[in-house]
Protein chains: 4
Amino acid sequence: MPKAAVIVEPGRLEIRDLPRPAVEAGGMRLRVLLSEVCGTDVHLLHGQLPETPYPLVPGHFAVGEALETGGTVHDVDGAPIRPGETITFLDVHGTCGECWYCQVAKASTRCPRRRVYGITYGVQDGLCGGWSEEMMLKPGTRLVKLDGIAPEAFMGGGCGLMTALHAVEQADIRLGDAVVVQGSGPVGLNALALARLKGATALLLTGGGAARLEMARRLGADAVCDIAGSTPEDRIAWVKEQTGGRGADIVIEATGVPQALAEGFDMARDAGVYIIVGQYTDAGEMFVNPHRQINKKHLRIQGVWGIDSSHLYRGLRVLRRYQETIPWASMLTRLYRLEEAEDALSAVASQQVVKAGIRPF
Amino acid sequence: MPKAAVIVEPGRLEIRDLPRPAVEAGGMRLRVLLSEVCGTDVHLLHGQLPETPYPLVPGHFAVGEALETGGTVHDVDGAPIRPGETITFLDVHGTCGECWYCQVAKASTRCPRRRVYGITYGVQDGLCGGWSEEMMLKPGTRLVKLDGIAPEAFMGGGCGLMTALHAVEQADIRLGDAVVVQGSGPVGLNALALARLKGATALLLTGGGAARLEMARRLGADAVCDIAGSTPEDRIAWVKEQTGGRGADIVIEATGVPQALAEGFDMARDAGVYIIVGQYTDAGEMFVNPHRQINKKHLRIQGVWGIDSSHLYRGLRVLRRYQETIPWASMLTRLYRLEEAEDALSAVASQQVVKAGIRPF
Amino acid sequence: MPKAAVIVEPGRLEIRDLPRPAVEAGGMRLRVLLSEVCGTDVHLLHGQLPETPYPLVPGHFAVGEALETGGTVHDVDGAPIRPGETITFLDVHGTCGECWYCQVAKASTRCPRRRVYGITYGVQDGLCGGWSEEMMLKPGTRLVKLDGIAPEAFMGGGCGLMTALHAVEQADIRLGDAVVVQGSGPVGLNALALARLKGATALLLTGGGAARLEMARRLGADAVCDIAGSTPEDRIAWVKEQTGGRGADIVIEATGVPQALAEGFDMARDAGVYIIVGQYTDAGEMFVNPHRQINKKHLRIQGVWGIDSSHLYRGLRVLRRYQETIPWASMLTRLYRLEEAEDALSAVASQQVVKAGIRPF
Amino acid sequence: MPKAAVIVEPGRLEIRDLPRPAVEAGGMRLRVLLSEVCGTDVHLLHGQLPETPYPLVPGHFAVGEALETGGTVHDVDGAPIRPGETITFLDVHGTCGECWYCQVAKASTRCPRRRVYGITYGVQDGLCGGWSEEMMLKPGTRLVKLDGIAPEAFMGGGCGLMTALHAVEQADIRLGDAVVVQGSGPVGLNALALARLKGATALLLTGGGAARLEMARRLGADAVCDIAGSTPEDRIAWVKEQTGGRGADIVIEATGVPQALAEGFDMARDAGVYIIVGQYTDAGEMFVNPHRQINKKHLRIQGVWGIDSSHLYRGLRVLRRYQETIPWASMLTRLYRLEEAEDALSAVASQQVVKAGIRPF
């Protein structure tokens with residue numbers, strides 16, 4: 001029976017041996033090599049997400065070794081996956097392909113049947129989280145081979161890389177654009193790295209934590225601004241100063257703090273772009289002056305929710321080609337054993353680490 | 001000396017005879033046939049716009065007869081304009097083509113050298129407003145011939161048509177989309193008419209004033225909702241009901257009321273579009289929940305500011321081709337003489353009319 | 001046993017009684033009210049399509065009455081379909097949602113598992129064509145209710161309407177654009193009608209057949225040019241003349257004739273758009289001068305292949321809202337009984353009809 | 001009197017002393033530091049371009065020191081340019097901002113009043129080419145400061161960088177795309193370098209010349225294919241092999257050879273993108289099968305013509321930020337004195353050099 005870290009109910013995490021279900025046809029049993037500790041897992045521990053199916057095993061992103069497949073199982077490219085190969089999977093499962101959002105709006109991240117490993121699948125659904133010695137992937141799970149990517153590089157990027165890739169795609173960065181990222185967590189740092197890969201020529205970041213700001217510099221930031229000891233007005237002025245007085249062509253919000261938006265709107269130049277990807281949980285309302293900050297500014301604002309398999313697929317290609325250019329592996333500050341899962345959560349919650357991982361073996 | 005209605009200072013409007021300057025090379029003298037009374041003129045009368053060059057002659061939109069040209073003068077198509085022809089012009093003048101916004105951002109509506117006839121040009125700049133027997137158009141003014149469009153149809157559309165055309169272009173309406181317009185003023189009504197011309201298949205409008213709502217129905221609205229006697233929650237529920245529970249694909253805000261945005265965000269479907277075109281003046285702040293209303297909703301929001309000559313040119317083509325389909329002329333509720341300009345402003349301010357015009361002769 | 005018109009092998013069509021298979025779970029038995037006779041069916045009769053699974057029942061588009069469902073079956077909106085309701089379905093079936101084209105490229109019309117009722121499904125696959133008293137729809141078929149649309153209006157539009165809708169979406173027609181359609185078959189006529197619904201202000205068509213050109217005029221063409229008695233040079237000159245010398249903003253090719261492209265490139269204005277939707281079968285090569293006709297012209301060219309359920313869904317919405325504006329029903333020149341299927345094919349092949357239908361009862 | 005290399009008539013190049021006109025108001029006198037030898041100059045020498053105003057001084061791209069300005073003159077950012085500063089300028093001059101293409105189509109590269117330094121301006125127009133000790137820039141010339149960019153890096157990129165930037169913008173490369181560039185001249189090599197800066201993850205190039213292919217590798221190509229000793233079928237097969245059998249997401253044509261298009265269409269994946277930027281002169285027609293290569297393939301094709309000041313501006317930003325990543329300076333194989341201009345042209349014509357420059361001092 002595989003061992004796993006289980007959030008039994010809000011506030012209570014235990015190591016348990018879980019039953020190992022049979023592999024379904026089209027499914028796969030995975031030996032977990034590395035899983036992620038994400039800010040979402042902190043929310044799960046504290047009961048801050050709606051309708052969580054406790055008890056559950058966290059870990060929506062994981063990389064592992066294929067142990068056993070239910071018949072022939074393919075990756076996104078259509079290649080069969082053989083036992084022994086190192087793979088990862090899209091945490092989103094069950095997007096139906098049949099509802100109006102999937103078919104007409106082509107907005108599968110809004111599909112109502114969408115489920116997420118390690119978040120909306122609980123222990124009753126099987127071995128569905130990465131903080132475990134094994135996972136049982138269900139039929140229809142989107143699979144990709146690591147194929148040359150170091151597991152540590154993949155996990156250094158983690159879900160933040162894929163979310164940031166979605167955000168950066170929506171931003172439509174052009175060669176020579178000035179980009180500001182608000183937020184120095186995994187999504188923000190990855191957005192910065194990807195903005196660099198898209199040919200932005202001024203790469204600015206506002207955020208906190210010395211280690212995270214230092215990481216931003218290593219990822220290519222031309223300048224960073226510490227939110228500690230600065231006011232919103234200071235930061236807006238700093239962006240203006242860095243952009244010839246006009247503001248940034250593109251601002252990507254990855255903070256989780258509602259009032260960051262009003263600050264960010266003022267960082268964007270007239271006729272610029274503002275991407276909102278950091279408001280993953282409901283942290284309340286904010287004020288905005290629609291005349292001055294949106295209408296007269298001719299601002300484009302885009303909310304970005306979730307990812308689909310194209311983002312995972314593209315993210316893996318980017319990791320494979322650019323893992324020497326962008327030091328993703330070094331974002332994975334520390335690895336924890338299953339028994340240290342609570343420490344890992346504390347480290348993430350207190351921002352002591354850029355990124356934490358769980359290594360079950 | 002041509003007679004004109006002059007706002008001498010906030011709150012004071014007088015009829016004056018103004019000196020007639022010489023026609024500049026590349027410029028034109030125009031006999032005004034019709035000019036517009038716009039909500040902006042009400043703001044001008046009350047001193048609500050920043051840096052207004054009083055005294056000024058209002059009337060940023062006008063149609064007239066070319067009396068005299070400073071050499072050969074061309075329309076946007078490159079055809080020469082001959083005395084006697086009926087023409088109109090882009091109210092925006094002086095967009096430089098040389099600044100960073102014009103050259104790199106290609107956002108000429110944010111060009112800092114941009115001036116507007118009847119709003120930022122005053123009496124000291126010449127005969128620069130349409131509430132006058134004559135106007136003197138400056139070199140570089142963008143000119144278009146009416147050529148088959150009734151002046152009343154043109155003025156029934158007026159600046160609202162061109163602004164709405166810009167908004168509707170930004171909305172990217174697709175065949176079969178459900179569109180909600182918030183606001184029943186000239187911009188809102190024109191947005192509705194143009195959404196119909198773009199192939200929207202559910203055309204909904206929220207607004208006020210029996211005559212305006214009736215006009216919305218004549219322009220093609222499938223259903224209207226009177227803001228009198230309904231709450232924001234009622235109107236959101238009404239939109240949901242009209243759209244199979246999902247909300248509208250596209251919502252176009254044309255209200256001028258900040259808090260209308262929060263209402264409108266909830267009218268849009270997930271992964272929908274929200275256009276902000278009605279926040280022309282600073283009417284304060286509003287609240288928004290960025291998690292629920294933008295990020296998780298995957299909403300696209302676009303602020304739309306001003307127009308350029310392409311909107312005027314396209315607007316004229318639309319008027320010429322579709323003036324029998326869309327009853328623009330009937331939006332021009334009443335025409336006023338110069339001496340009745342204050343009455344016209346009152347009628348517009350109190351929303352007694354859909355659209356008022358000034359006829360100097 | 002339902003009666004059907006069967007193409008047994010190239011050149012041989014027979015009326016046969018076919019076995020009625022059981023309704024599968026998620027599938028549906030349909031009483032066919034009307035089916036379409038499409039140019040594709042002429043190709044099928046003459047063995048001009050690759051890998052056709054003869055014997056087969058033609059009729060990829062049909063409208064019918066739901067007789068029996070395999071459990072609860074939903075339309076694209078998610079509403080259950082009840083026996084007695086009038087519905088239609090997407091002819092494309094089996095798009096997998098799992099291959100690279102479906103997941104990453106989001107180009108489901110290039111999915112290799114895609115099958116088509118009445119074209120790539122033969123008699124051995126079940127009751128899979130519309131020229132039959134009954135059809136058996138398979139699980140996963142995309143279904144839409146007619147709900148207020150006259151079956152004759154739907155079939156007057158037919159598959160040409162949906163294909164044209166895809167083409168027109170790709171064309172990105174803007175308010176005030178001048179549009180040329182090359183070709184007066186069902187796709188061309190529908191492209192013209194939809195260009196009108198998108199707010200084009202010059203609607204031009206080149207094609208042949210007096211009845212079809214007359215239909216083009218009824219659908220809103222501002223001018224038509226008969227290919228009989230005109231040369232390519234004449235037609236290019238005609239388009240220039242109709243567009244102030246510049247050429248059309250958008251040209252939509254719906255001819256099936258390769259050399260029409262070179263003609264059409266010259267009809268488009270510089271920096272214009274050229275849509276290729278008519279080259280459904282391989283009719284050989286054509287010549288083009290890439291310097292003059294594409295590169296210096298800064299032309300955008302888009303090939304458009306097939307449809308997905310969003311096009312059907314949007315097409316139905318357009319039919320429902322605009323069937324009084326656009327006389328789709330009148331495009332259905334004549335209805336034929338099953339026994340007259342060969343006559344119907346002759347009438348389509350010789351272009352005696354705009355559109356022919358099969359009415360099994 | 002400044003010395004210049006003058007193409008007096010096709011086939012005849014002479015060194016001449018040219019009169020120095022006065023600086024116009026808004027214009028500038030430039031001491032040329034470096035100018036470019038472009039394939040276009042070879043065409044000019046051989047009389048292969050239409051309507052060339054011989055005698056003319058070639059050199060449409062140049063970098064120089066501002067000697068004297070006609071009053072205050074600004075760069076694209078709006079900053080004044082002071083004597084002594086190192087600047088460059090957009091070779092395109094006189095785009096009118098007033099014609100239909102400038103105003104409505106927003107396609108200034110198709111403006112009929114557009115002139116080009118060193119190509120359509122001749123000796124009679126002033127000191128208008130870069131192969132000269134001095135140039136006289138006219139009022140309205142778009143100016144940019146080098147400001148930290150080495151003149152050799154700028155000229156190693158040269159006009160090819162700006163043209164490639166326009167092409168790459170139109171290609172809309174996404175993170176993880178596979179990109180093929182056809183052609184190893186300056187436009188092709190720069191397209192490859194920029195595709196890398198845009199986050200493409202497979203970078204392939206077909207072309208000729210050992211030095212150029214080696215340069216492609218240094219610029220980031222993952223693989224190159226020499227057109228010498230390979231057939232079109234070989235190269236198509238090679239691309240398929242490099243892209244998992246599907247073909248490239250994006251193919252950029254930069255060859256000048258018409259038949260390269262048919263080859264390139266087959267290199268693109270279904271629903272891919274094909275950019276045509278290399279057909280700068282009329283080299284005749286080519287064959288294409290529109291069914292197989294465009295329509296069924298659902299291919300997007302975009303012709304790309306010329307550049308505007310936004311491309312120059314963005315190109316300079318890219319050079320400034322990434323000149324250490326991309327070895328542009330090393331593309332400038334050799335510098336020539338004015339007296340060696342014919343040798344420079346021979347070296348370019350015979351592809352002995354990647355890029356040649358003229359250094360007047």
# chains A, B, ... in the order shown; residues from 1 in each chain; ligands from 1
call {"tool": "select_by_dssp", "arguments": {"residues": "range 41-153 of chain D", "states": "helix (DSSP H, G or I)", "output": "list in words"}}
result
Asp41, Val42, His43, Leu44, Leu45, Trp100, Tyr101, Cys102, Gln103, Val104, Ala105, Ser108, Thr109, Arg110, Val123, Gln124, Asp125, Pro151, Glu152 and Ala153 of chain D
call {"tool": "residues_around", "arguments": {"residues": "range 47-54 of chain C", "least_positions_apart": "2", "cutoff": "6 Å", "atoms": "only C-alpha atoms", "output": "PyMOL selection string"}}
result
chain C and resi 8-10+43-45+56+120+122
call {"tool": "residues_around", "arguments": {"residues": "Phe61 in chain B", "least_positions_apart": "6", "cutoff": "12 Å", "atoms": "only C-alpha atoms", "output": "ChimeraX atom specification"}}
result
/B:32-38,40-41,87-92,116-119,128-132,135,143,151,154-162,312,356-358
call {"tool": "residues_around", "arguments": {"residues": "Val354 in chain A", "least_positions_apart": "6", "cutoff": "7 Å", "atoms": "only C-alpha atoms", "output": "list in words"}}
result
Gly185, Pro186, Arg212, Met331, Leu332 and Thr333 of chain A
call {"tool": "write_last_selection", "arguments": {"atoms": "N, CA and C atoms", "output": "CSV table (one decimal), in the first residue's frame"}}
result
chain,number,residue,atom,x,y,z
A,185,GLY,N,6.1,35.4,-6.6
A,185,GLY,CA,5.9,34.0,-6.4
A,185,GLY,C,6.2,33.2,-7.7
A,186,PRO,N,5.9,31.9,-7.7
A,186,PRO,CA,6.2,31.1,-8.8
A,186,PRO,C,5.6,31.5,-10.1
A,212,ARG,N,13.6,35.7,-3.5
A,212,ARG,CA,12.7,35.7,-4.7
A,212,ARG,C,13.2,36.8,-5.7
A,331,MET,N,15.1,27.2,-9.1
A,331,MET,CA,13.9,27.7,-8.3
A,331,MET,C,13.4,26.8,-7.3
A,332,LEU,N,13.8,25.5,-7.4
A,332,LEU,CA,13.3,24.5,-6.5
A,332,LEU,C,14.3,24.5,-5.3
A,333,THR,N,13.9,25.4,-4.4
A,333,THR,CA,14.8,25.7,-3.3
A,333,THR,C,15.1,24.5,-2.4
call {"tool": "interface_residues", "arguments": {"of": "chain B", "to": "chain D", "cutoff": "10 Å", "atoms": "only C-alpha atoms", "output": "list in words"}}
result
His74, Asp75, Val76, Asp77, Gly78, Thr95, Cys96, Gly97, Glu98, Cys99, Trp100, Tyr101, Cys102, Gln103, Val104, Ala105, Lys106, Gly140, Thr141, Arg142, Asp308, Ser309, Ser310, His311, Leu312, Tyr313 and Arg314 of chain B
call {"tool": "write_last_selection", "arguments": {"atoms": "N, CA, C and O atoms", "output": "compact mmCIF listing (two decimals), in the first residue's frame"}}
result
# COMPACT_ATOMS: atom_id res chain seq x y z
N HIS B 74 -8.54 67.36 -50.47
CA HIS B 74 -9.02 66.01 -50.79
C HIS B 74 -9.79 65.39 -49.63
O HIS B 74 -9.54 65.69 -48.47
N ASP B 75 -10.65 64.47 -49.99
CA ASP B 75 -11.29 63.66 -48.95
C ASP B 75 -10.40 62.46 -48.62
O ASP B 75 -9.33 62.29 -49.21
N VAL B 76 -10.83 61.64 -47.69
CA VAL B 76 -10.01 60.52 -47.24
C VAL B 76 -9.70 59.56 -48.39
O VAL B 76 -8.64 58.93 -48.43
N ASP B 77 -10.62 59.47 -49.34
CA ASP B 77 -10.39 58.62 -50.51
C ASP B 77 -9.41 59.23 -51.51
O ASP B 77 -9.05 58.58 -52.48
N GLY B 78 -9.04 60.48 -51.31
CA GLY B 78 -8.13 61.13 -52.24
C GLY B 78 -8.83 61.90 -53.35
O GLY B 78 -8.18 62.44 -54.23
N THR B 95 -3.63 65.17 -34.89
CA THR B 95 -2.91 63.96 -34.53
C THR B 95 -1.60 63.99 -35.31
O THR B 95 -1.59 64.16 -36.53
N CYS B 96 -0.48 63.82 -34.60
CA CYS B 96 0.77 64.28 -35.20
C CYS B 96 1.42 63.31 -36.18
O CYS B 96 2.15 63.71 -37.08
N GLY B 97 1.19 62.03 -35.99
CA GLY B 97 1.88 61.08 -36.86
C GLY B 97 3.35 60.94 -36.55
O GLY B 97 4.06 60.18 -37.21
N GLU B 98 3.82 61.66 -35.54
CA GLU B 98 5.26 61.68 -35.27
C GLU B 98 5.63 61.23 -33.87
O GLU B 98 6.79 60.89 -33.63
N CYS B 99 4.66 61.24 -32.97
CA CYS B 99 5.01 60.87 -31.60
C CYS B 99 5.06 59.35 -31.46
O CYS B 99 4.67 58.61 -32.36
N TRP B 100 5.52 58.90 -30.32
CA TRP B 100 5.63 57.47 -30.07
C TRP B 100 4.27 56.79 -30.15
O TRP B 100 4.15 55.69 -30.69
N TYR B 101 3.22 57.44 -29.65
CA TYR B 101 1.89 56.82 -29.71
C TYR B 101 1.42 56.67 -31.15
O TYR B 101 0.84 55.65 -31.52
N CYS B 102 1.67 57.67 -31.97
CA CYS B 102 1.27 57.58 -33.38
C CYS B 102 2.12 56.55 -34.13
O CYS B 102 1.60 55.77 -34.92
N GLN B 103 3.44 56.57 -33.89
CA GLN B 103 4.33 55.75 -34.71
C GLN B 103 4.48 54.32 -34.20
O GLN B 103 4.44 53.38 -34.99
N VAL B 104 4.71 54.16 -32.93
CA VAL B 104 5.06 52.83 -32.42
C VAL B 104 3.83 52.12 -31.85
O VAL B 104 3.54 50.98 -32.21
N ALA B 105 3.09 52.80 -30.98
CA ALA B 105 1.92 52.15 -30.39
C ALA B 105 0.76 52.10 -31.38
O ALA B 105 -0.14 51.30 -31.24
N LYS B 106 0.82 52.93 -32.41
CA LYS B 106 -0.29 53.03 -33.37
C LYS B 106 -1.62 53.21 -32.64
O LYS B 106 -2.59 52.54 -32.89
N GLY B 140 -5.19 69.77 -43.00
CA GLY B 140 -4.98 68.49 -42.34
C GLY B 140 -6.24 67.91 -41.73
O GLY B 140 -6.22 66.80 -41.20
N THR B 141 -7.34 68.64 -41.80
CA THR B 141 -8.61 68.10 -41.30
C THR B 141 -9.02 66.93 -42.19
O THR B 141 -8.89 66.99 -43.41
N ARG B 142 -9.50 65.86 -41.60
CA ARG B 142 -9.92 64.68 -42.34
C ARG B 142 -11.34 64.88 -42.85
O ARG B 142 -12.27 65.05 -42.05
N ASP B 308 -10.68 57.69 -34.73
CA ASP B 308 -9.79 58.26 -35.73
C ASP B 308 -10.51 58.29 -37.07
O ASP B 308 -11.70 57.95 -37.14
N SER B 309 -9.83 58.70 -38.11
CA SER B 309 -10.54 58.90 -39.38
C SER B 309 -11.06 57.61 -39.98
O SER B 309 -12.01 57.62 -40.76
N SER B 310 -10.48 56.47 -39.63
CA SER B 310 -11.00 55.21 -40.16
C SER B 310 -12.42 54.95 -39.66
O SER B 310 -13.25 54.39 -40.37
N HIS B 311 -12.69 55.35 -38.43
CA HIS B 311 -14.03 55.14 -37.89
C HIS B 311 -15.04 56.03 -38.59
O HIS B 311 -16.15 55.62 -38.90
N LEU B 312 -14.64 57.28 -38.84
CA LEU B 312 -15.54 58.19 -39.57
C LEU B 312 -15.79 57.66 -40.98
O LEU B 312 -16.93 57.60 -41.45
N TYR B 313 -14.73 57.24 -41.64
CA TYR B 313 -14.84 56.74 -43.01
C TYR B 313 -15.75 55.52 -43.07
O TYR B 313 -16.67 55.44 -43.89
N ARG B 314 -15.51 54.58 -42.17
CA ARG B 314 -16.34 53.37 -42.16
C ARG B 314 -17.78 53.69 -41.75
O ARG B 314 -18.73 53.11 -42.28
call {"tool": "residues_around", "arguments": {"residues": "Ile252 in chain A", "least_positions_apart": "3", "cutoff": "8 Å", "atoms": "only C-alpha atoms", "output": "list in words"}}
result
Ala167, Ala171, Val179, Val180, Val181, Gln182, Gly188, Ala191, Tyr274, Ile275, Ile276 and Val277 of chain A
